[in-house]
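To start, the structure under review is shown below, and the notes come after it.
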Amino acid sequence: MPASIAHRIVFATLMVVSPLLAQAEPMAWISNQGSNSLSVIDTATDTLSGGPITLPPLPHAVAVSATRVYVTHGNGILSIIDKATRMVSTKSFPSNTLAGVAVGPDGSRVYASGYGTDQLFVIDTTTNNAVATLPISDPIGIAVKPDGSRAYIAYDDGFTARIAVLDTTSNTLLPPIGLAGREATGIAVSPDGTRLYVTLGATDRVAIVHLDTNAVSYLDTGGEPRGIVVNHAGTRAYFTKYTTNQVGVIDTATGAVIDHFFPGGNGPWGIDVSADDSRVYVANHDSSNVGIHNVVSHTTVTRSVGSLPVAFGRFIDTYVPPQLPPVLGDVPNQNGTAGVAFSLDLANYVTTTNGDPILSYDIVAGALPVGLDLDTVTGLINGTPALAGRGASITVNVSDDDGASTSDTIAFTIAPPAGAAPFDVMVSSYNASVRGFSQALNGNVAPSRMLTGATTQLMHPLAMAYEPTTGELYVGDSDYSGNNAVRVFAANADGNVAPTRVLDTRFDRRPNALAVDLLHDELVVVGSGCWPCTWPRTAIGAATTLRSLAWGGNSPTQGNNPVSVALDPDNDLMFIGDNDFSNSPTPNLGKVLVFPRTANGGVAPSRVIKGATARIGIGAPYLAFDPVTRQLFVLTNDIDPGNIGIRHARILAFHADADGDVAPLRAIEGAATQLDIPSIDAPYGLSFDSMTQRLLVSIYSNSNAGNRVLAFYAGDNGNVAPLISIGGASTGFDRIGHAAVVPVKLLFRNGFE
């Protein structure tokens with residue numbers, strides 16, 4: 001080899017024995033040519049970590065992977081050190097000098113330069129055997145592009161310095177990059193893979209290669225530059241000046257040398273930077289120490305190592321912070337009030353890791369109460385709850401670059417609006433009565449008032465609806481033999497009092513359900529012979545209907561057995577609870593038919609909600625509607641497939657715009673709800689009161705004691721107990737129909753009389 005280059009690869013032959021010691025991260029691994037050893041500095045404390053590791057003679061260059069350290073030797077040996085145990089194994093290659101070494105980013109390949117035998121060895125780290133050997137004249141320093149696609153090798157062909165370019169996928173050499181100078185030694189690639197920095201020792205230069213064009217610029221440095229490194233941020237390059245005992249600093253943005261510092265010793269050779277870029281580590285060959293220069297405080301300390309340290313290459317662990325996702329703490333369960341602004345900042349319960357910012361907050365299960373939303377960027381849950389309810393919960397996690405945190409479940413309880421005390425619960429009963437239970441009554445109690453007697457004209461009241469603005473109670477009545485009527489009473493009616501007006505519906509058979517549309521001043525009645533019929537709200541006697549829909553057979557309306565109706569007057573919609581024909585492809589399957597409010601005759605519905613996902617079961621569903629949140633509530637049921645003696649009822653909530661076989665927004669169901677009933681009983685009515693935000697469910701039973709009314713908040717979800725359960729012998733119920741919430745006194749919505 002040329003003498004001018006040979007003096008730059010110095011070897012000695014001292015053997016030192018050291019104990020093995022497990023490492024901490026990150027470490028600086030310093031090869032000592034004079035003592036044939038490897039010193040280890042813990043960069044977290046900048047102190048030596050254990051004693052020196054004994055190596056074969058003439059250790060020189062160093063490369064570090066996730067689990068191993070590779071050291072080249074002047075006799076063609078490659079040492080492989082296990083980082084965890086610090087055990088040393090060796091592999092010989094047909095070269096009198098291994099000069100440079102680098103490891104690919106995935107750790108599967110090591111590249112070693114065979115100086116003097118003009119070879120580059122591509123080594124498989126699984127077997128430590130060369131999988132390719134390529135001819136390069138006197139190769140020394142090696143750098144691998146961060147994406148692993150190229151390896152760059154500094155060499156001198158005897159006439160000029162050059163950079164060999166290796167395609168690491170095919171292990172083939174691409175055209176070299178020529179440099180103006182001699183003795184290309186140290187080489188470093190920028191973190192973004194766009195530039196190379198090469199020391200030209202014999203001509204006292206650093207070459208900067210722009211890899212997009214292979215254009216080269218030069219910096220005159222003096223001092224015979226050797227090792228070179230680019231910091232992890234890509235903002236600075238540092239190079240050692242062997243003969244002037246200095247380290248030069250290059251501003252990579254301008255490509256200019258902007259500073260020099262003394263590294264704490266003489267003959268600086270190998271150089272690397274700490275994982276956080278705050279310190280530069282320099283192997284001072286002639287002083288047998290490592291200088292540690294703090295680039296923030298501009299102070300330098302030294303640590304003595306073995307004799308004649310070289311550490312040529314990247315000798316500090318490429319520290320990768322552990323992939324620790326953020327930590328989400330226990331978020332307390334939350335309470336709110338319908339109509340009152342709510343806010344919860346999930347960021348207050350998050351601990352970030354590795355300094356990584358939170359990328360997203362996500363609901364992975366459940367749903368927020370109606371009216372609340374999660375900002376997935378900030379983690380803020382806010383809004384105004386629209387419905388009182390229990391059982392709503394969400395399961396959330398947070399994510400950063402390292403993945404998602406463990407999840408946490410947050411339960412929400414939303415109280416009804418302040419002052420929204422329950423009013424009387426009025427219940428229609430087969431024994432010619434409407435029975436009222438004050439807000440204090442619950443369980444097997446006698447009614448606090450009762451609408452009954454010959455003057456009331458009540459026969460077997462079935463359906464009921466309360467209109468709060470006019471303060472009127474509408475009662476659908478039938479004797480099951482053709483005498484049918486809608487009787488209207490004042491809200492505070494009690495005892496044997498006459499209705500204020502009566503609509504004769506005898507020709508349309510019994511009224512199963514009623515709905516009052518104050519916006520359009522209409523009354524809609526659904527019955528076994530009226531599917532549905534619409535009258536003026538104040539119609540009396542045998543008034544003519546405004547409209548009616550066709551039903552039965554193969555009518556386009558798809559109507560068969562209507563039991564309920566709900567209205568969305570603001571959006572001109574009408575919902576009908578019905579079921580399929582017994583001989584249809586889906587016999588007796590419940591469904592909700594949606595029509596324009598003014599639909600008339602044999603017209604098809606605009607939408608149909610039904611199917612396995614919608615979970616509307618057998619029989620016809622009972623409906624209620626909240627015009628504020630535009631939620632449609634559906635009371636439905638199925639017979640237990642494993643026990644035909646049990647009927648499972650449930651309340652489903654859909655948005656008013658739902659269509660087809662869509663999943664409900666939530667469901668009230670389960671043993672605690674008391675909606676699991678004997679199969680001989682049946683759900684027989686559903687109503688919603690916007691002032692108390694309650695849903696009332698009627699359970700019809702042929703056993704008087706089995707008739708009862710259950711109340712839930714409209715925002716309830718899951719297996720929640722009813723707020724009240726009115727039933728038992730003392731109630732006097734006999735095969736009940738619908739229930740409604742009715743105030744004893746007519747109150748304005750602001751609570752003042």
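Lettering and numbering for the structure tokens are positional, with chains as A, B, ... in the shown order, residues counted from 1 in each chain, and ligands counted from 1 in the shown order.
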Selection near A:Ser37, 6 Å with only C-alpha atoms, sequence-local residues under 4 positions removed, as an MDAnalysis selection string = chainID A and resid 32 52:55
Would you list the contacts of A:Thr452 as a ChimeraX atom specification, taking every protein, DNA or RNA residue within 12 Å and counting only C-alpha atoms, but skipping same-chain residues closer than 4 positions in sequence?
-> /A:427-436,456-461,489,493-499
Write out as a PyMOL selection string each polymer residue whose atoms come within 12 Å of A:Gln33, counting only C-alpha atoms; drop sequence neighbours fewer than 3 positions from it.
-> chain A and resi 9-16+30+36-39+54-62+71-74+269+283-286+288+305-312
Take the residues that were just selected and, keeping N, CA and C atoms, output them as a tab-separated table (two decimals), in the first residue's frame.
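Saved file selection_34.tsv follows:
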chain	number	residue	atom	x	y	z
A	9	ILE	N	-3.28	3.81	9.07
A	9	ILE	CA	-3.89	2.63	9.66
A	9	ILE	C	-2.85	2.00	10.56
A	10	VAL	N	-2.84	2.38	11.83
A	10	VAL	CA	-1.80	2.02	12.77
A	10	VAL	C	-2.27	0.85	13.62
A	11	PHE	N	-1.40	-0.11	13.88
A	11	PHE	CA	-1.79	-1.29	14.65
A	11	PHE	C	-0.77	-1.56	15.74
A	12	ALA	N	-1.20	-2.11	16.85
A	12	ALA	CA	-0.33	-2.52	17.95
A	12	ALA	C	-0.75	-3.90	18.42
A	13	THR	N	-0.08	-4.45	19.44
A	13	THR	CA	-0.31	-5.86	19.78
A	13	THR	C	-0.34	-6.11	21.27
A	14	LEU	N	-1.11	-5.36	22.04
A	14	LEU	CA	-1.20	-5.57	23.48
A	14	LEU	C	-2.52	-6.24	23.81
A	15	MET	N	-2.49	-7.34	24.61
A	15	MET	CA	-3.70	-8.07	24.97
A	15	MET	C	-4.09	-7.72	26.40
A	16	VAL	N	-5.35	-7.38	26.63
A	16	VAL	CA	-5.85	-7.08	27.97
A	16	VAL	C	-7.08	-7.94	28.22
A	30	ILE	N	-15.19	1.81	21.99
A	30	ILE	CA	-13.93	2.42	21.56
A	30	ILE	C	-12.88	1.33	21.35
A	36	ASN	N	-5.26	-3.78	22.26
A	36	ASN	CA	-6.08	-4.87	21.72
A	36	ASN	C	-7.34	-5.08	22.57
A	37	SER	N	-8.08	-4.00	22.71
A	37	SER	CA	-9.26	-4.08	23.58
A	37	SER	C	-10.34	-3.14	23.07
A	38	LEU	N	-11.47	-3.28	23.72
A	38	LEU	CA	-12.62	-2.43	23.42
A	38	LEU	C	-13.08	-1.82	24.74
A	39	SER	N	-13.00	-0.50	24.86
A	39	SER	CA	-13.52	0.20	26.04
A	39	SER	C	-14.96	0.62	25.77
A	54	THR	N	-11.46	-7.85	25.90
A	54	THR	CA	-10.28	-8.33	25.18
A	54	THR	C	-10.63	-8.67	23.74
A	55	LEU	N	-9.79	-8.21	22.80
A	55	LEU	CA	-10.00	-8.45	21.38
A	55	LEU	C	-8.74	-9.06	20.77
A	56	PRO	N	-8.85	-9.64	19.59
A	56	PRO	CA	-7.66	-10.06	18.85
A	56	PRO	C	-6.79	-8.85	18.53
A	57	PRO	N	-5.60	-9.05	18.02
A	57	PRO	CA	-4.68	-7.94	17.74
A	57	PRO	C	-5.22	-6.97	16.69
A	58	LEU	N	-4.76	-5.74	16.84
A	58	LEU	CA	-4.92	-4.69	15.85
A	58	LEU	C	-6.38	-4.31	15.57
A	59	PRO	N	-7.19	-4.05	16.61
A	59	PRO	CA	-8.56	-3.59	16.36
A	59	PRO	C	-8.56	-2.18	15.77
A	60	HIS	N	-9.50	-1.93	14.90
A	60	HIS	CA	-9.47	-0.65	14.19
A	60	HIS	C	-10.87	-0.02	14.13
A	61	ALA	N	-11.65	-0.35	13.12
A	61	ALA	CA	-12.94	0.31	12.88
A	61	ALA	C	-14.05	-0.38	13.67
A	62	VAL	N	-15.12	0.38	13.91
A	62	VAL	CA	-16.24	-0.11	14.74
A	62	VAL	C	-17.56	0.21	14.03
A	71	VAL	N	-16.00	-5.19	14.94
A	71	VAL	CA	-14.70	-4.52	14.97
A	71	VAL	C	-13.79	-5.17	13.95
A	72	THR	N	-13.17	-4.35	13.09
A	72	THR	CA	-12.21	-4.88	12.12
A	72	THR	C	-10.81	-4.92	12.73
A	73	HIS	N	-10.00	-5.82	12.18
A	73	HIS	CA	-8.63	-5.98	12.67
A	73	HIS	C	-7.64	-5.95	11.51
A	74	GLY	N	-6.38	-5.59	11.84
A	74	GLY	CA	-5.34	-5.48	10.83
A	74	GLY	C	-4.88	-6.81	10.28
A	269	TRP	N	-8.96	10.84	16.03
A	269	TRP	CA	-9.21	9.96	14.89
A	269	TRP	C	-10.71	9.72	14.73
A	283	ALA	N	-12.10	9.90	19.64
A	283	ALA	CA	-11.02	8.99	20.06
A	283	ALA	C	-9.68	9.69	19.81
A	284	ASN	N	-9.02	10.13	20.88
A	284	ASN	CA	-7.73	10.81	20.79
A	284	ASN	C	-6.62	9.76	20.82
A	285	HIS	N	-6.20	9.35	19.62
A	285	HIS	CA	-5.28	8.23	19.44
A	285	HIS	C	-4.00	8.41	20.23
A	286	ASP	N	-3.39	9.59	20.16
A	286	ASP	CA	-2.07	9.79	20.76
A	286	ASP	C	-2.14	10.10	22.25
A	288	SER	N	-4.59	8.45	24.27
A	288	SER	CA	-5.26	7.29	24.89
A	288	SER	C	-6.45	7.72	25.74
A	305	VAL	N	-9.11	5.63	28.20
A	305	VAL	CA	-9.50	4.32	27.67
A	305	VAL	C	-8.22	3.50	27.48
A	306	GLY	N	-8.24	2.55	26.59
A	306	GLY	CA	-7.05	1.76	26.33
A	306	GLY	C	-6.03	2.54	25.52
A	307	SER	N	-4.95	1.85	25.16
A	307	SER	CA	-3.84	2.48	24.45
A	307	SER	C	-4.18	2.68	22.98
A	308	LEU	N	-3.89	3.87	22.48
A	308	LEU	CA	-4.02	4.21	21.06
A	308	LEU	C	-5.43	3.94	20.52
A	309	PRO	N	-6.43	4.63	21.05
A	309	PRO	CA	-7.79	4.41	20.55
A	309	PRO	C	-7.97	4.93	19.13
A	310	VAL	N	-8.75	4.21	18.35
A	310	VAL	CA	-9.04	4.60	16.97
A	310	VAL	C	-10.55	4.84	16.78
A	311	ALA	N	-11.36	3.80	17.03
A	311	ALA	CA	-12.82	3.90	16.93
A	311	ALA	C	-13.24	4.57	15.64
A	312	PHE	N	-12.75	4.07	14.52
A	312	PHE	CA	-13.04	4.63	13.21
A	312	PHE	C	-14.41	4.11	12.75
Select from stretch 259-365 of chain A everything DSSP, run on the backbone, classes as strand (DSSP E or B), then give the selection as JSON, numbers by chain.
-> {"A": [259, 260, 261, 268, 269, 270, 271, 272, 273, 279, 280, 281, 282, 283, 284, 289, 290, 291, 292, 293, 294, 299, 300, 301, 302, 303, 304, 309, 312, 316, 327, 328, 334, 335, 336, 337, 342, 343, 344, 345, 350, 351, 360, 361, 362, 363, 364, 365]}
Could you dump the residues just selected with N, CA and C atoms as a tab-separated table (two decimals), in the first residue's frame?
chain	number	residue	atom	x	y	z
A	259	ASP	N	-16.62	26.43	12.85
A	259	ASP	CA	-16.02	26.42	14.18
A	259	ASP	C	-14.98	25.32	14.25
A	260	HIS	N	-14.11	25.40	15.27
A	260	HIS	CA	-13.19	24.35	15.64
A	260	HIS	C	-13.18	24.24	17.17
A	261	PHE	N	-12.90	23.07	17.69
A	261	PHE	CA	-12.69	22.95	19.13
A	261	PHE	C	-11.62	21.89	19.40
A	268	PRO	N	-6.57	13.19	17.21
A	268	PRO	CA	-7.97	12.75	17.14
A	268	PRO	C	-8.23	11.95	15.87
A	269	TRP	N	-8.96	10.84	16.03
A	269	TRP	CA	-9.21	9.96	14.89
A	269	TRP	C	-10.71	9.72	14.73
A	270	GLY	N	-11.22	8.64	15.34
A	270	GLY	CA	-12.65	8.35	15.20
A	270	GLY	C	-13.51	9.38	15.91
A	271	ILE	N	-14.71	9.58	15.40
A	271	ILE	CA	-15.60	10.60	15.95
A	271	ILE	C	-17.05	10.16	15.76
A	272	ASP	N	-17.88	10.44	16.78
A	272	ASP	CA	-19.31	10.13	16.69
A	272	ASP	C	-20.06	11.10	17.58
A	273	VAL	N	-21.40	11.09	17.49
A	273	VAL	CA	-22.23	12.01	18.28
A	273	VAL	C	-23.19	11.21	19.16
A	279	ARG	N	-23.57	15.96	22.43
A	279	ARG	CA	-22.15	15.75	22.70
A	279	ARG	C	-21.48	15.07	21.52
A	280	VAL	N	-20.21	15.41	21.35
A	280	VAL	CA	-19.37	14.80	20.33
A	280	VAL	C	-18.28	13.99	21.04
A	281	TYR	N	-18.11	12.75	20.64
A	281	TYR	CA	-17.12	11.85	21.25
A	281	TYR	C	-15.97	11.65	20.26
A	282	VAL	N	-14.74	11.86	20.72
A	282	VAL	CA	-13.56	11.82	19.85
A	282	VAL	C	-12.53	10.87	20.45
A	283	ALA	N	-12.10	9.90	19.64
A	283	ALA	CA	-11.02	8.99	20.06
A	283	ALA	C	-9.68	9.69	19.81
A	284	ASN	N	-9.02	10.13	20.88
A	284	ASN	CA	-7.73	10.81	20.79
A	284	ASN	C	-6.62	9.76	20.82
A	289	ASN	N	-7.22	8.64	25.20
A	289	ASN	CA	-8.45	9.00	25.90
A	289	ASN	C	-9.54	9.31	24.88
A	290	VAL	N	-10.73	9.48	25.39
A	290	VAL	CA	-11.87	9.92	24.58
A	290	VAL	C	-12.28	11.29	25.09
A	291	GLY	N	-12.28	12.26	24.18
A	291	GLY	CA	-12.76	13.60	24.53
A	291	GLY	C	-14.26	13.68	24.29
A	292	ILE	N	-14.97	14.24	25.27
A	292	ILE	CA	-16.42	14.38	25.17
A	292	ILE	C	-16.73	15.87	25.22
A	293	HIS	N	-17.14	16.40	24.07
A	293	HIS	CA	-17.35	17.84	23.94
A	293	HIS	C	-18.84	18.13	23.91
A	294	ASN	N	-19.31	18.96	24.85
A	294	ASN	CA	-20.70	19.38	24.90
A	294	ASN	C	-20.89	20.57	23.95
A	299	THR	N	-17.99	22.85	26.48
A	299	THR	CA	-17.01	22.34	27.44
A	299	THR	C	-16.63	20.92	27.04
A	300	THR	N	-15.44	20.52	27.43
A	300	THR	CA	-14.93	19.20	27.07
A	300	THR	C	-14.42	18.49	28.32
A	301	VAL	N	-14.78	17.22	28.45
A	301	VAL	CA	-14.21	16.35	29.48
A	301	VAL	C	-13.59	15.17	28.76
A	302	THR	N	-12.69	14.46	29.46
A	302	THR	CA	-12.05	13.29	28.86
A	302	THR	C	-12.25	12.08	29.74
A	303	ARG	N	-12.18	10.93	29.09
A	303	ARG	CA	-12.22	9.66	29.80
A	303	ARG	C	-11.08	8.80	29.27
A	304	SER	N	-10.25	8.31	30.16
A	304	SER	CA	-9.14	7.45	29.76
A	304	SER	C	-9.67	6.11	29.30
A	309	PRO	N	-6.43	4.63	21.05
A	309	PRO	CA	-7.79	4.41	20.55
A	309	PRO	C	-7.97	4.93	19.13
A	312	PHE	N	-12.75	4.07	14.52
A	312	PHE	CA	-13.04	4.63	13.21
A	312	PHE	C	-14.41	4.11	12.75
A	316	ILE	N	-21.06	4.66	18.38
A	316	ILE	CA	-22.08	4.83	19.42
A	316	ILE	C	-23.37	4.16	18.95
A	327	VAL	N	-49.50	6.77	27.85
A	327	VAL	CA	-50.22	6.13	28.95
A	327	VAL	C	-51.49	6.93	29.23
A	328	LEU	N	-52.62	6.25	29.16
A	328	LEU	CA	-53.90	6.87	29.50
A	328	LEU	C	-54.28	6.42	30.89
A	334	GLN	N	-68.31	10.04	34.57
A	334	GLN	CA	-68.75	11.42	34.44
A	334	GLN	C	-70.24	11.57	34.71
A	335	ASN	N	-70.61	12.74	35.27
A	335	ASN	CA	-72.00	13.10	35.48
A	335	ASN	C	-72.28	14.42	34.78
A	336	GLY	N	-73.45	14.53	34.22
A	336	GLY	CA	-73.86	15.75	33.57
A	336	GLY	C	-75.35	15.95	33.72
A	337	THR	N	-75.85	17.04	33.18
A	337	THR	CA	-77.27	17.37	33.25
A	337	THR	C	-77.74	17.75	31.86
A	342	PHE	N	-71.31	20.71	28.97
A	342	PHE	CA	-70.43	19.70	29.58
A	342	PHE	C	-69.07	19.76	28.89
A	343	SER	N	-68.00	19.53	29.67
A	343	SER	CA	-66.66	19.50	29.08
A	343	SER	C	-65.78	18.55	29.87
A	344	LEU	N	-65.01	17.75	29.17
A	344	LEU	CA	-64.04	16.83	29.76
A	344	LEU	C	-62.82	16.80	28.86
A	345	ASP	N	-61.65	17.15	29.41
A	345	ASP	CA	-60.42	17.18	28.64
A	345	ASP	C	-59.62	15.91	28.92
A	350	VAL	N	-53.48	11.99	30.30
A	350	VAL	CA	-52.53	11.34	29.41
A	350	VAL	C	-51.11	11.68	29.83
A	351	THR	N	-50.26	10.65	29.87
A	351	THR	CA	-48.83	10.84	30.06
A	351	THR	C	-48.13	10.48	28.75
A	360	SER	N	-53.80	11.21	18.16
A	360	SER	CA	-55.26	11.11	18.10
A	360	SER	C	-55.82	10.53	19.39
A	361	TYR	N	-57.03	10.95	19.67
A	361	TYR	CA	-57.85	10.39	20.75
A	361	TYR	C	-59.01	9.67	20.05
A	362	ASP	N	-59.25	8.42	20.42
A	362	ASP	CA	-60.22	7.63	19.66
A	362	ASP	C	-61.18	6.88	20.58
A	363	ILE	N	-62.44	6.85	20.17
A	363	ILE	CA	-63.44	6.00	20.81
A	363	ILE	C	-63.39	4.64	20.11
A	364	VAL	N	-63.02	3.60	20.85
A	364	VAL	CA	-62.89	2.28	20.24
A	364	VAL	C	-64.11	1.41	20.52
A	365	ALA	N	-64.97	1.84	21.43
A	365	ALA	CA	-66.20	1.11	21.70
A	365	ALA	C	-67.17	2.06	22.37
Figure out the distance between atom CA of A:Pro417 and atom CA of A:Ser698, please, to one decimal in Å.
->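 A separation of 24.3 Å between them.
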Please identify all polymer residues within 10 Å of A:Arg226, counting only C-alpha atoms, omitting same-chain residues fewer than 6 positions from it, and present them as a PDB file with N, CA and C atoms, in the first residue's frame.
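New file part_6.pdb:
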ATOM      1  N   ARG A   8      -1.745   5.829   8.119  1.00  0.00           N
ATOM      2  CA  ARG A   8      -3.030   6.223   8.679  1.00  0.00           C
ATOM      3  C   ARG A   8      -3.795   5.033   9.227  1.00  0.00           C
ATOM      4  N   GLY A 141     -13.080   3.860   4.533  1.00  0.00           N
ATOM      5  CA  GLY A 141     -14.328   4.164   5.226  1.00  0.00           C
ATOM      6  C   GLY A 141     -15.557   3.731   4.451  1.00  0.00           C
ATOM      7  N   GLU A 183      -6.384  10.160  -0.835  1.00  0.00           N
ATOM      8  CA  GLU A 183      -6.567   9.495   0.445  1.00  0.00           C
ATOM      9  C   GLU A 183      -7.949   9.760   1.047  1.00  0.00           C
ATOM     10  N   ALA A 184      -8.999   9.329   0.314  1.00  0.00           N
ATOM     11  CA  ALA A 184     -10.353   9.351   0.873  1.00  0.00           C
ATOM     12  C   ALA A 184     -10.407   8.355   2.029  1.00  0.00           C
ATOM     13  N   THR A 185     -10.740   8.852   3.212  1.00  0.00           N
ATOM     14  CA  THR A 185     -10.658   8.006   4.408  1.00  0.00           C
ATOM     15  C   THR A 185     -12.009   7.904   5.098  1.00  0.00           C
ATOM     16  N   GLY A 186     -12.379   8.970   5.819  1.00  0.00           N
ATOM     17  CA  GLY A 186     -13.661   8.967   6.518  1.00  0.00           C
ATOM     18  C   GLY A 186     -14.791   9.332   5.586  1.00  0.00           C
ATOM     19  N   ILE A 187     -15.962   8.757   5.840  1.00  0.00           N
ATOM     20  CA  ILE A 187     -17.121   9.043   4.993  1.00  0.00           C
ATOM     21  C   ILE A 187     -18.374   8.993   5.860  1.00  0.00           C
ATOM     22  N   VAL A 198     -16.830  13.488   2.875  1.00  0.00           N
ATOM     23  CA  VAL A 198     -15.675  12.605   2.746  1.00  0.00           C
ATOM     24  C   VAL A 198     -14.415  13.388   3.119  1.00  0.00           C
ATOM     25  N   THR A 199     -13.577  12.791   3.990  1.00  0.00           N
ATOM     26  CA  THR A 199     -12.296  13.433   4.326  1.00  0.00           C
ATOM     27  C   THR A 199     -11.237  12.994   3.321  1.00  0.00           C
ATOM     28  N   LEU A 200     -10.461  13.962   2.847  1.00  0.00           N
ATOM     29  CA  LEU A 200      -9.360  13.723   1.912  1.00  0.00           C
ATOM     30  C   LEU A 200      -8.074  14.106   2.641  1.00  0.00           C
ATOM     31  N   GLY A 201      -7.473  13.125   3.322  1.00  0.00           N
ATOM     32  CA  GLY A 201      -6.385  13.401   4.250  1.00  0.00           C
ATOM     33  C   GLY A 201      -5.156  14.007   3.619  1.00  0.00           C
ATOM     34  N   ALA A 202      -4.747  13.489   2.465  1.00  0.00           N
ATOM     35  CA  ALA A 202      -3.493  13.943   1.861  1.00  0.00           C
ATOM     36  C   ALA A 202      -3.599  15.339   1.284  1.00  0.00           C
ATOM     37  N   ASP A 204      -5.885  17.673   2.634  1.00  0.00           N
ATOM     38  CA  ASP A 204      -6.453  18.540   3.665  1.00  0.00           C
ATOM     39  C   ASP A 204      -7.782  19.155   3.232  1.00  0.00           C
ATOM     40  N   ARG A 205      -8.695  18.269   2.804  1.00  0.00           N
ATOM     41  CA  ARG A 205      -9.990  18.731   2.326  1.00  0.00           C
ATOM     42  C   ARG A 205     -11.107  17.840   2.872  1.00  0.00           C
ATOM     43  N   VAL A 206     -12.294  18.414   2.873  1.00  0.00           N
ATOM     44  CA  VAL A 206     -13.518  17.634   3.021  1.00  0.00           C
ATOM     45  C   VAL A 206     -14.339  17.850   1.757  1.00  0.00           C
ATOM     46  N   PHE A 239     -15.571  16.737  11.952  1.00  0.00           N
ATOM     47  CA  PHE A 239     -14.466  15.937  11.415  1.00  0.00           C
ATOM     48  C   PHE A 239     -13.214  16.177  12.260  1.00  0.00           C
ATOM     49  N   THR A 240     -12.428  15.117  12.398  1.00  0.00           N
ATOM     50  CA  THR A 240     -11.193  15.221  13.184  1.00  0.00           C
ATOM     51  C   THR A 240     -10.045  15.681  12.295  1.00  0.00           C
ATOM     52  N   LYS A 241      -9.154  16.499  12.872  1.00  0.00           N
ATOM     53  CA  LYS A 241      -7.945  16.978  12.183  1.00  0.00           C
ATOM     54  C   LYS A 241      -6.755  16.423  12.964  1.00  0.00           C
ATOM     55  N   TYR A 242      -6.225  15.334  12.421  1.00  0.00           N
ATOM     56  CA  TYR A 242      -5.262  14.524  13.170  1.00  0.00           C
ATOM     57  C   TYR A 242      -4.002  15.297  13.546  1.00  0.00           C
ATOM     58  N   THR A 243      -3.460  16.066  12.646  1.00  0.00           N
ATOM     59  CA  THR A 243      -2.155  16.685  12.901  1.00  0.00           C
ATOM     60  C   THR A 243      -2.249  18.000  13.668  1.00  0.00           C
ATOM     61  N   GLY A 267      -3.960  13.793  18.369  1.00  0.00           N
ATOM     62  CA  GLY A 267      -4.167  12.770  17.345  1.00  0.00           C
ATOM     63  C   GLY A 267      -5.602  12.282  17.272  1.00  0.00           C
ATOM     64  N   PRO A 268      -6.570  13.194  17.211  1.00  0.00           N
ATOM     65  CA  PRO A 268      -7.971  12.751  17.141  1.00  0.00           C
ATOM     66  C   PRO A 268      -8.227  11.950  15.869  1.00  0.00           C
ATOM     67  N   TRP A 269      -8.962  10.840  16.035  1.00  0.00           N
ATOM     68  CA  TRP A 269      -9.209   9.957  14.890  1.00  0.00           C
ATOM     69  C   TRP A 269     -10.712   9.723  14.731  1.00  0.00           C
ATOM     70  N   GLY A 270     -11.219   8.645  15.343  1.00  0.00           N
ATOM     71  CA  GLY A 270     -12.651   8.350  15.202  1.00  0.00           C
ATOM     72  C   GLY A 270     -13.512   9.379  15.911  1.00  0.00           C
ATOM     73  N   ILE A 271     -14.709   9.582  15.396  1.00  0.00           N
ATOM     74  CA  ILE A 271     -15.599  10.603  15.949  1.00  0.00           C
ATOM     75  C   ILE A 271     -17.045  10.162  15.758  1.00  0.00           C
ATOM     76  N   PHE A 312     -12.749   4.071  14.515  1.00  0.00           N
ATOM     77  CA  PHE A 312     -13.041   4.633  13.206  1.00  0.00           C
ATOM     78  C   PHE A 312     -14.411   4.112  12.755  1.00  0.00           C
TER      79      PHE A 312
END
Find the residues around A:Ser478 up to 9 Å (only C-alpha atoms counted), leave out those fewer than 4 positions away in its own chain, and share them as a list of chain:residue names.
->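 Those residues are A:Leu458, A:Met459, A:His460, A:Pro461, A:Leu462, A:Gly482, A:Asn483, A:Asn484, A:Ala485, A:Val486, A:Arg506, A:Arg509, A:Arg510, A:Pro511.
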